[in-house]
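Heads up, query.txt below (compact mmCIF, C-alpha atoms):
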```txt
# COMPACT_ATOMS: atom_id res chain seq x y z
CA MET M 1 1.15 -80.52 -25.36
CA LYS M 2 4.01 -79.64 -23.02
CA PRO M 3 4.84 -81.67 -19.94
CA SER M 4 3.75 -80.27 -16.59
CA ILE M 5 6.46 -78.39 -14.70
CA TRP M 6 5.49 -80.02 -11.40
CA ARG M 7 7.14 -83.24 -12.57
CA TYR M 8 10.49 -81.44 -12.53
CA VAL M 9 10.11 -78.69 -9.90
CA LYS M 10 9.12 -79.92 -6.44
CA THR M 11 7.93 -76.87 -4.49
CA PRO M 12 7.22 -77.05 -0.75
CA LYS M 13 3.49 -76.51 -1.33
CA LEU M 14 3.40 -79.26 -3.94
CA MET M 15 5.14 -81.64 -1.55
CA LYS M 16 2.66 -80.71 1.19
CA LEU M 17 -0.22 -81.42 -1.21
CA MET M 18 1.26 -84.78 -2.20
CA LYS M 19 1.70 -85.70 1.47
CA SER M 20 -1.95 -84.82 2.13
CA LEU M 21 -3.11 -86.88 -0.83
CA ASP M 22 -1.02 -89.82 0.38
CA GLY M 23 -2.72 -89.48 3.77
CA VAL M 24 -6.16 -89.55 2.14
CA GLN M 25 -5.17 -92.68 0.22
CA GLU M 26 -3.88 -94.40 3.38
CA ILE M 27 -7.04 -93.61 5.32
CA THR M 28 -9.30 -94.73 2.49
CA SER M 29 -7.32 -97.93 1.97
CA ALA M 30 -7.56 -98.70 5.68
CA TYR M 31 -11.36 -98.37 5.57
CA VAL M 32 -11.60 -100.46 2.40
CA ASP M 33 -9.42 -103.16 4.01
CA GLU M 34 -11.63 -103.07 7.10
CA ALA M 35 -14.72 -103.49 4.91
CA ILE M 36 -13.10 -106.42 3.08
CA GLU M 37 -12.36 -108.14 6.41
CA ARG M 38 -15.94 -107.58 7.56
CA LEU M 39 -17.35 -108.94 4.29
CA GLU M 40 -15.06 -111.99 4.42
CA LYS M 41 -16.13 -112.65 8.00
CA GLU M 42 -19.80 -112.38 7.01
CA ALA M 43 -19.20 -114.75 4.06
CA LYS M 44 -17.64 -117.34 6.42
CA GLU M 45 -20.66 -117.02 8.69
CA GLY M 46 -22.94 -117.64 5.70
CA VAL M 47 -24.40 -114.14 5.46
CA VAL M 48 -25.46 -113.51 1.87
CA ARG M 49 -27.19 -110.27 0.88
CA PRO M 50 -29.13 -109.91 -2.35
CA GLU M 51 -27.61 -107.59 -4.98
CA SER M 52 -30.17 -104.88 -4.20
CA GLU M 53 -29.04 -104.70 -0.54
CA GLN M 54 -25.30 -104.60 -1.21
CA SER M 55 -23.39 -101.38 -0.70
CA VAL M 56 -21.64 -99.58 -3.54
CA LEU M 57 -18.32 -100.65 -2.04
CA GLU M 58 -19.35 -104.32 -2.02
CA LYS M 59 -20.32 -104.14 -5.69
CA LEU M 60 -17.09 -102.36 -6.63
CA LEU M 61 -14.96 -104.85 -4.72
CA LYS M 62 -16.33 -107.57 -6.99
CA ILE M 63 -14.80 -105.66 -9.93
CA ASP M 64 -11.44 -104.66 -8.45
CA LYS M 65 -9.98 -103.51 -5.14
CA LYS M 66 -8.23 -100.54 -6.78
CA VAL M 67 -11.46 -99.40 -8.41
CA ALA M 68 -13.25 -99.67 -5.08
CA THR M 69 -10.52 -97.69 -3.28
CA VAL M 70 -10.45 -94.92 -5.89
CA MET M 71 -14.24 -94.62 -5.88
CA ALA M 72 -14.29 -94.53 -2.07
CA MET M 73 -11.72 -91.71 -2.16
CA ASP M 74 -13.79 -89.82 -4.73
CA MET M 75 -16.94 -90.22 -2.65
CA LEU M 76 -15.22 -89.07 0.53
CA MET M 77 -13.54 -86.06 -1.08
CA ALA M 78 -16.59 -84.96 -3.06
CA GLY M 79 -18.72 -85.03 0.09
CA VAL M 80 -16.15 -83.09 2.08
CA ASP M 81 -15.56 -80.52 -0.66
CA THR M 82 -19.22 -79.77 -1.34
CA THR M 83 -20.11 -79.66 2.36
CA SER M 84 -17.26 -77.31 3.22
CA SER M 85 -18.01 -75.12 0.19
CA THR M 86 -21.69 -74.87 1.13
CA PHE M 87 -20.92 -74.11 4.76
CA THR M 88 -18.30 -71.51 3.79
CA ALA M 89 -20.78 -69.84 1.42
CA ALA M 90 -23.42 -69.69 4.17
CA LEU M 91 -20.95 -68.18 6.64
CA LEU M 92 -19.85 -65.62 4.05
CA CYS M 93 -23.48 -64.63 3.43
CA LEU M 94 -23.96 -64.17 7.17
CA ALA M 95 -20.74 -62.17 7.50
CA LYS M 96 -21.79 -59.85 4.66
CA ASN M 97 -25.25 -59.35 6.20
CA PRO M 98 -24.85 -58.62 9.92
CA GLU M 99 -28.55 -57.77 10.28
CA LYS M 100 -29.49 -61.24 8.99
CA GLN M 101 -26.86 -62.76 11.26
CA ALA M 102 -28.48 -61.01 14.24
CA VAL M 103 -31.93 -62.31 13.25
CA LEU M 104 -30.57 -65.84 12.87
CA ARG M 105 -28.78 -65.61 16.22
CA GLU M 106 -32.01 -64.52 17.98
CA GLU M 107 -33.92 -67.39 16.39
CA VAL M 108 -31.28 -69.94 17.38
CA ILE M 109 -31.21 -68.62 20.97
CA LYS M 110 -35.01 -69.03 21.16
CA VAL M 111 -34.72 -72.69 20.21
CA LEU M 112 -31.40 -73.42 21.98
CA PRO M 113 -31.46 -71.11 25.01
CA GLU M 114 -28.62 -72.80 26.92
CA LYS M 115 -25.03 -73.17 25.78
CA ASP M 116 -25.32 -76.96 26.06
CA SER M 117 -28.86 -77.34 24.64
CA GLU M 118 -29.48 -80.38 22.44
CA PHE M 119 -29.14 -79.66 18.72
CA THR M 120 -31.68 -82.05 17.18
CA GLU M 121 -33.91 -82.22 14.15
CA ALA M 122 -36.92 -81.69 16.42
CA SER M 123 -35.44 -78.48 17.83
CA MET M 124 -34.57 -77.24 14.34
CA LYS M 125 -38.21 -77.55 13.23
CA ASN M 126 -39.01 -74.65 15.57
CA VAL M 127 -36.55 -72.26 13.90
CA PRO M 128 -38.52 -69.92 11.60
CA ILE M 129 -35.72 -69.51 9.05
CA TYR M 130 -35.38 -73.29 8.68
CA VAL M 131 -37.72 -74.78 6.09
CA PRO M 132 -36.97 -78.40 5.14
CA ALA M 133 -36.49 -78.85 1.39
CA SER M 134 -39.29 -81.43 1.33
CA LYS M 135 -41.81 -78.76 2.40
CA SER M 136 -40.56 -75.93 0.17
CA HIS M 137 -39.08 -75.68 -3.28
CA ASN M 138 -36.63 -73.03 -2.05
CA GLY M 139 -35.48 -74.84 1.06
CA SER M 140 -33.93 -72.74 3.75
CA ILE M 141 -33.62 -69.01 3.07
CA LEU M 142 -30.00 -69.03 4.20
CA TRP M 143 -28.99 -72.02 2.06
CA SER M 144 -30.92 -70.72 -0.95
CA SER M 145 -29.11 -67.42 -0.73
CA ALA M 146 -25.73 -69.08 -0.25
CA MET M 147 -26.25 -71.41 -3.19
CA ALA M 148 -27.58 -68.66 -5.45
CA ASP M 149 -24.55 -66.46 -4.80
CA PHE M 150 -21.86 -69.13 -4.45
CA SER M 151 -23.00 -72.26 -6.24
CA ILE M 152 -20.60 -75.08 -7.05
CA GLY M 153 -21.72 -74.87 -10.69
CA GLN M 154 -20.57 -71.26 -10.93
CA ARG M 155 -17.18 -72.27 -9.62
CA PHE M 156 -16.84 -74.91 -12.35
CA GLU M 157 -17.92 -72.40 -14.99
CA GLN M 158 -15.25 -69.97 -13.80
CA ILE M 159 -12.55 -72.65 -13.78
CA CYS M 160 -13.31 -74.14 -17.21
CA SER M 161 -12.34 -72.32 -20.37
CA SER M 162 -14.98 -71.28 -22.90
CA GLN M 163 -14.07 -74.32 -25.04
CA HIS M 164 -15.53 -76.74 -22.47
CA LYS M 165 -19.23 -77.36 -21.96
CA ILE M 166 -20.61 -78.65 -18.67
```
Any chance you could give the structure as structure tokens?
Amino acid sequence: MKPSIWRYVKTPKLMKLMKSLDGVQEITSAYVDEAIERLEKEAKEGVVRPESEQSVLEKLLKIDKKVATVMAMDMLMAGVDTTSSTFTAALLCLAKNPEKQAVLREEVIKVLPEKDSEFTEASMKNVPIYVPASKSHNGSILWSSAMADFSIGQRFEQICSSQHKI
């Protein structure tokens, strides 16, 4: 196995990536430190929660602060990545299907007629294209289409070589 070239060649894009990753680590560490302070304060006040009511972070902090910080970073980044990928896939589906985009726009305008109308779960229940996953195996038509065409699993299959099994 050969060493990675990035250890020796520092490109501007690599440096920008490293700076971004350092920023993520700083932000995550700040939130973990804030949680530690809150938990210490609660402990001084005599607040004790049973194991079943403790957060994942609380349980990980009992193991190691580094483990807790790394897991918090993973949870934050995984949530951001999958959410942005799903939203991007949905927007791409709409962009490729202007007639569907027009239908969706009309339906949204019926439910949210004013520019500053409240966007709530109750208002979304009146949108015909929206079907909560709990009431339908397919979920929303838009999301089902986006996930069928641009699923995260497909992306992993394309990235991994044929030697790896997911």
Once 6 Å is added on each side, what centre and edge lengths in Å to one decimal does the axis-aligned box around all listed atoms of segment 25-38 of chain M have, as JSON?
```
{"center_x": -9.9, "center_y": -100.4, "center_z": 3.9, "size_x": 24.1, "size_y": 27.5, "size_z": 19.3}
```
(message) For segment 42-59 of chain M, find every residue with an atom within 9 Å (counting all atoms listed in the file), except residues of its own chain fewer than 2 positions away, and show them as a ChimeraX atom specification.
(response) /M:32,35-40,61-63,68-69,71-72
(request) Excluding Leu112 of chain M and residues on its chain fewer than 4 positions from it, collect all residues at most 12 Å away from it, counting all atoms listed in the file, and give them as a ChimeraX atom specification. (result) /M:104-108,116-120,122-127
(message) Just the number, please: distance in Å from atom CA of Lys13 of chain M to atom CA of Gly79 of chain M, one decimal.
(response) 23.8 Å
(message) My list of candidates is M:Lys115, M:Val24, M:Asp33, M:Val9. Which is closest to Lys66 of chain M when distances are computed with all atoms listed in the file?
(response) M:Asp33
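Put simply, atom CA of Ser20 of chain M is 17.4 Å away from atom CA of Arg7 of chain M.
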(request) Work out how far apart atom CA of Ala30 of chain M and atom CA of Leu60 of chain M are and give it in Å to one decimal. (result) 16.0 Å
